[in-house]
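So this block is work21.tsv, TSV, C-alpha atoms and all ligand atoms:
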chain	number	residue	atom	x	y	z
S	1434	MET	CA	-39.40	-196.48	202.16
S	1435	LYS	CA	-36.10	-198.03	203.12
S	1436	GLN	CA	-34.70	-197.09	206.51
S	1437	ILE	CA	-31.22	-197.09	207.95
S	1438	TYR	CA	-31.09	-197.92	211.64
S	1439	PHE	CA	-28.14	-197.45	213.97
S	1440	ASP	CA	-27.34	-199.54	216.99
S	1441	LEU	CA	-26.13	-197.37	219.89
S	1442	ASP	CA	-23.44	-199.11	221.95
S	1443	GLY	CA	-20.32	-199.83	219.92
S	1444	VAL	CA	-21.66	-197.83	216.98
S	1445	ILE	CA	-22.34	-194.37	218.44
S	1446	ARG	CA	-21.59	-194.64	222.18
S	1447	ASP	CA	-18.29	-196.18	223.25
S	1448	THR	CA	-19.55	-198.03	226.31
S	1449	CYS	CA	-16.77	-200.64	226.13
S	1450	ARG	CA	-14.09	-198.00	226.51
S	1451	GLU	CA	-15.91	-196.51	229.50
S	1452	VAL	CA	-16.60	-199.83	231.26
S	1453	LEU	CA	-13.51	-201.92	230.41
S	1454	GLY	CA	-11.03	-199.54	228.82
S	1455	TYR	CA	-10.44	-201.95	225.92
S	1456	TYR	CA	-12.30	-203.99	223.28
S	1457	PRO	CA	-12.58	-207.66	224.30
S	1458	HIS	CA	-12.31	-210.66	221.97
S	1459	GLN	CA	-15.41	-212.27	223.52
S	1460	TRP	CA	-18.90	-210.78	223.54
S	1461	ASP	CA	-19.66	-212.16	227.03
S	1462	CYS	CA	-16.80	-210.65	228.95
S	1463	TYR	CA	-15.89	-209.76	232.52
S	1464	GLY	CA	-14.26	-206.84	234.27
S	1465	PRO	CA	-10.94	-207.18	236.12
S	1466	ASP	CA	-12.84	-207.96	239.35
S	1467	GLY	CA	-14.77	-210.82	237.70
S	1468	ARG	CA	-18.12	-209.05	237.38
S	1469	PRO	CA	-19.91	-209.58	234.05
S	1470	TYR	CA	-19.84	-206.57	231.71
S	1471	CYS	CA	-23.57	-205.84	232.09
S	1472	GLN	CA	-23.37	-206.16	235.88
S	1473	ILE	CA	-20.63	-203.50	236.00
S	1474	ILE	CA	-23.04	-201.14	234.22
S	1475	GLU	CA	-26.00	-202.23	236.37
S	1476	ASP	CA	-23.94	-201.42	239.50
S	1477	ASN	CA	-23.07	-197.95	238.19
S	1478	LEU	CA	-25.64	-196.73	235.67
S	1479	ARG	CA	-23.86	-193.38	235.42
S	1480	LEU	CA	-21.36	-195.10	233.11
S	1481	LEU	CA	-24.10	-194.97	230.46
S	1482	TYR	CA	-24.10	-191.19	230.73
S	1483	THR	CA	-20.35	-190.62	231.06
S	1484	ALA	CA	-19.38	-192.97	228.18
S	1485	PRO	CA	-17.59	-191.20	225.32
S	1486	VAL	CA	-18.63	-191.26	221.66
S	1487	THR	CA	-17.14	-193.75	219.20
S	1488	GLN	CA	-15.02	-192.61	216.26
S	1489	TYR	CA	-18.19	-193.06	214.14
S	1490	HIS	CA	-20.31	-190.50	216.02
S	1491	GLU	CA	-18.94	-187.57	214.02
S	1492	VAL	CA	-20.06	-189.16	210.73
S	1493	ILE	CA	-23.47	-190.14	212.09
S	1494	LYS	CA	-24.09	-186.73	213.67
S	1495	LYS	CA	-23.83	-185.12	210.23
S	1496	LEU	CA	-27.01	-186.91	209.13
S	1497	PRO	CA	-30.21	-184.87	209.18
S	1498	PHE	CA	-31.99	-187.62	211.08
S	1499	VAL	CA	-30.80	-190.73	212.94
S	1500	ASN	CA	-32.94	-193.80	213.69
S	1501	ILE	CA	-31.49	-195.55	216.72
S	1502	LEU	CA	-32.44	-199.15	217.47
S	1503	THR	CA	-30.92	-200.36	220.72
S	1504	CYS	CA	-31.29	-203.24	223.15
S	1505	GLN	CA	-31.30	-201.89	226.72
S	1506	PRO	CA	-32.66	-203.12	230.03
S	1507	GLU	CA	-35.38	-200.83	231.42
S	1508	SER	CA	-33.06	-199.55	234.14
S	1509	TRP	CA	-30.57	-198.24	231.54
S	1510	ARG	CA	-32.97	-196.26	229.38
S	1511	ASP	CA	-33.22	-192.94	231.27
S	1512	PHE	CA	-29.42	-192.64	231.38
S	1513	THR	CA	-29.23	-193.55	227.71
S	1514	CYS	CA	-31.78	-190.87	226.80
S	1515	CYS	CA	-29.75	-188.29	228.75
S	1516	TRP	CA	-26.65	-189.38	226.81
S	1517	LEU	CA	-28.48	-189.05	223.49
S	1518	TYR	CA	-29.72	-185.53	224.27
S	1519	GLU	CA	-26.16	-184.61	225.16
S	1520	HIS	CA	-24.72	-185.89	221.87
S	1521	PHE	CA	-27.43	-185.18	219.28
S	1522	GLU	CA	-29.71	-182.28	218.53
S	1523	PHE	CA	-33.11	-182.46	220.19
S	1524	HIS	CA	-35.09	-183.24	217.01
S	1525	GLN	CA	-32.33	-185.15	215.24
S	1526	PHE	CA	-33.01	-188.67	216.43
S	1527	ASP	CA	-35.61	-191.25	217.21
S	1528	VAL	CA	-34.85	-194.18	219.51
S	1529	ILE	CA	-36.50	-197.59	219.64
S	1530	PHE	CA	-35.66	-199.70	222.69
S	1531	VAL	CA	-35.90	-203.50	222.54
S	1532	ASN	CA	-35.42	-206.06	225.30
S	1533	HIS	CA	-33.40	-208.55	223.29
S	1534	ALA	CA	-31.05	-208.07	220.34
S	1535	ASP	CA	-32.96	-210.59	218.19
S	1536	GLU	CA	-36.02	-208.32	218.29
S	1537	LYS	CA	-34.12	-205.87	216.10
S	1538	LEU	CA	-34.25	-208.18	213.09
S	1539	LYS	CA	-38.04	-208.35	213.37
S	1540	ILE	CA	-38.27	-204.55	213.15
S	1541	LEU	CA	-36.31	-204.43	209.87
S	1542	LYS	CA	-38.41	-204.44	206.71
S	1543	PRO	CA	-37.05	-205.72	203.38
S	1544	GLY	CA	-34.38	-203.30	202.13
S	1545	ASP	CA	-33.74	-201.75	205.56
S	1546	VAL	CA	-30.17	-201.73	206.85
S	1547	LEU	CA	-28.94	-201.86	210.45
S	1548	ILE	CA	-25.48	-200.57	211.38
S	1549	GLU	CA	-24.38	-202.91	214.19
S	1550	ASP	CA	-21.54	-204.44	216.17
S	1551	TYR	CA	-23.46	-207.35	217.77
S	1552	PRO	CA	-21.91	-210.75	216.90
S	1553	LEU	CA	-24.76	-213.20	217.58
S	1554	PHE	CA	-27.57	-212.51	215.10
S	1555	SER	CA	-28.92	-215.50	213.16
S	1556	ASP	CA	-28.88	-213.50	209.90
S	1557	TYR	CA	-26.55	-210.71	208.73
S	1558	SER	CA	-28.07	-210.05	205.30
S	1559	GLN	CA	-29.34	-206.60	206.41
S	1560	ILE	CA	-26.41	-205.76	208.69
S	1561	ALA	CA	-23.52	-203.37	208.06
S	1562	LEU	CA	-21.06	-204.50	210.71
S	1563	ILE	CA	-18.75	-202.19	212.63
S	1564	ASP	CA	-15.58	-204.23	213.08
S	1565	TYR	CA	-14.45	-205.15	216.61
S	1566	PRO	CA	-12.33	-208.03	217.98
S	1567	TYR	CA	-15.52	-209.65	219.38
S	1568	ASN	CA	-17.30	-209.86	216.02
S	1569	ARG	CA	-14.56	-211.16	213.72
S	1570	GLU	CA	-16.26	-214.57	213.41
S	1571	VAL	CA	-19.40	-213.07	211.86
S	1572	LYS	CA	-20.09	-213.95	208.21
S	1573	GLY	CA	-22.67	-212.79	205.67
S	1574	GLU	CA	-22.79	-209.07	206.53
S	1575	ILE	CA	-23.44	-206.48	203.74
S	1576	ILE	CA	-20.18	-204.72	204.57
S	1577	ARG	CA	-17.62	-204.71	207.38
S	1578	ILE	CA	-16.67	-201.19	208.42
S	1579	HIS	CA	-13.26	-200.48	209.95
S	1580	GLU	CA	-13.05	-196.69	209.84
S	1581	PRO	CA	-15.35	-193.65	209.89
S	1582	GLU	CA	-14.50	-192.92	206.23
S	1583	GLU	CA	-15.90	-196.33	205.24
S	1584	LEU	CA	-19.12	-195.63	207.13
S	1585	ASP	CA	-19.36	-192.20	205.51
S	1586	ALA	CA	-18.97	-193.72	202.03
S	1587	PHE	CA	-21.53	-196.44	202.79
S	1588	LEU	CA	-24.04	-193.86	204.06
S	1589	ILE	CA	-23.54	-191.68	200.99
S	1590	MET	CA	-24.30	-194.74	198.82
S	1591	GLN	CA	-27.46	-195.32	200.81
S	1592	ARG	CA	-28.29	-191.62	200.96
S	1593	SER	CA	-31.51	-191.78	199.02
S	1594	SER	CA	-32.78	-194.26	201.58
S	1595	ILE	CA	-32.19	-192.09	204.61
S	1596	ARG	CA	-35.32	-190.63	206.10
S	1597	THR	CA	-34.92	-186.88	206.56
S	1598	GLN	CA	-37.88	-186.17	208.80
S	1599	PRO	CA	-39.56	-188.21	211.52
S	1600	GLN	CA	-42.95	-187.38	209.95
S	1601	ASP	CA	-42.15	-189.55	206.91
S	1602	ILE	CA	-42.83	-192.70	208.85
S	1603	VAL	CA	-46.27	-191.42	209.89
S	1604	LEU	CA	-47.13	-190.44	206.30
S	1605	ASN	CA	-46.05	-193.88	205.09
S	1606	GLU	CA	-48.28	-195.51	207.65
S	1607	VAL	CA	-51.24	-193.35	206.56
S	1608	ARG	CA	-50.69	-194.14	202.86
S	1609	LYS	CA	-50.78	-197.92	203.42
A	1701	MG	MG	-23.89	-202.62	219.98
Could you take the file, read its structure, and then write that structure out as structure tokens?
Ligand SMILES: [Mg+2]
Amino acid sequence: MKQIYFDLDGVIRDTCREVLGYYPHQWDCYGPDGRPYCQIIEDNLRLLYTAPVTQYHEVIKKLPFVNILTCQPESWRDFTCCWLYEHFEFHQFDVIFVNHADEKLKILKPGDVLIEDYPLFSDYSQIALIDYPYNREVKGEIIRIHEPEELDAFLIMQRSSIRTQPQDIVLNEVRK
């Protein structure tokens, strides 16, 4: 069964706005004091909890179930889980943490789609890209999404593919 996965930061949680206050043109960027983006977070992990939602959260929250696939250092994950419980219903989501963004592509099966903002994948054939200044060079994505309405329309098109209950994945495993 096809799955739709959602990246977290930049897609659901607006970490950029919380950390920098703007959307940079480069993926590897620095704060005003010269610290790398990830170091700013590492120095104040509470930012992961206080970050606001993106404009896409409202559309995504309407789904009966949300598969989240996110790359996070170990030290970020507790704060991220707290954020998720704050912004989704308790049984509404499942989260898979990976250590490097490239691991996400290995999790996708044929036909799966990942909603993402990351600009450095080797292959975008299964990626629906949320448009930001730092990913404008990307080519080969399924669709580039600029507004919540576009995401909503894309998700409606994919509707039959969206898993409605977490148990489905277990049943599929058993049937194999
Ligand atoms: Mg992201």
| query | Taking into account only C-alpha atoms, which residue in the set S:His1520, S:His1458, S:Cys1471, S:Leu1538 is nearest to S:Glu1570? | reply |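 Using only C-alpha atoms, the shortest distance to S:Glu1570 belongs to S:His1458.
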| message | I'd like the neighbourhood of S:Val1571 as a ChimeraX atom specification, where a residue qualifies if any of its atoms comes within 10 Å (using only C-alpha atoms), though same-chain residues fewer than 3 positions away should be ignored. | response | /S:1550-1557,1562,1564,1567-1568,1574,1577
| said: Can you pull out every residue with an atom within 10 Å of ligand MG 1701 (chain A)? Use only C-alpha atoms and all ligand atoms and format it as a PyMOL selection string. | reply: chain S and resi 1439-1449+1502-1504+1534+1548-1552+1562-1563
May I have the selected residues written with C-alpha atoms, as a PDB file, in the coordinates of the input?
ATOM      1  CA  PHE S1439     -28.140-197.450 213.970  1.00  0.00           C
ATOM      2  CA  ASP S1440     -27.340-199.540 216.990  1.00  0.00           C
ATOM      3  CA  LEU S1441     -26.130-197.370 219.890  1.00  0.00           C
ATOM      4  CA  ASP S1442     -23.440-199.110 221.950  1.00  0.00           C
ATOM      5  CA  GLY S1443     -20.320-199.830 219.920  1.00  0.00           C
ATOM      6  CA  VAL S1444     -21.660-197.830 216.980  1.00  0.00           C
ATOM      7  CA  ILE S1445     -22.340-194.370 218.440  1.00  0.00           C
ATOM      8  CA  ARG S1446     -21.590-194.640 222.180  1.00  0.00           C
ATOM      9  CA  ASP S1447     -18.290-196.180 223.250  1.00  0.00           C
ATOM     10  CA  THR S1448     -19.550-198.030 226.310  1.00  0.00           C
ATOM     11  CA  CYS S1449     -16.770-200.640 226.130  1.00  0.00           C
ATOM     12  CA  LEU S1502     -32.440-199.150 217.470  1.00  0.00           C
ATOM     13  CA  THR S1503     -30.920-200.360 220.720  1.00  0.00           C
ATOM     14  CA  CYS S1504     -31.290-203.240 223.150  1.00  0.00           C
ATOM     15  CA  ALA S1534     -31.050-208.070 220.340  1.00  0.00           C
ATOM     16  CA  ILE S1548     -25.480-200.570 211.380  1.00  0.00           C
ATOM     17  CA  GLU S1549     -24.380-202.910 214.190  1.00  0.00           C
ATOM     18  CA  ASP S1550     -21.540-204.440 216.170  1.00  0.00           C
ATOM     19  CA  TYR S1551     -23.460-207.350 217.770  1.00  0.00           C
ATOM     20  CA  PRO S1552     -21.910-210.750 216.900  1.00  0.00           C
ATOM     21  CA  LEU S1562     -21.060-204.500 210.710  1.00  0.00           C
ATOM     22  CA  ILE S1563     -18.750-202.190 212.630  1.00  0.00           C
TER      23      ILE S1563
END
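The coordinates place atom CA of S:Val1492 at 6.1 Å from atom CA of S:Asp1585.
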| Separation of atom CA of S:His1579 from atom CA of S:Tyr1565 in Å | 8.2 Å
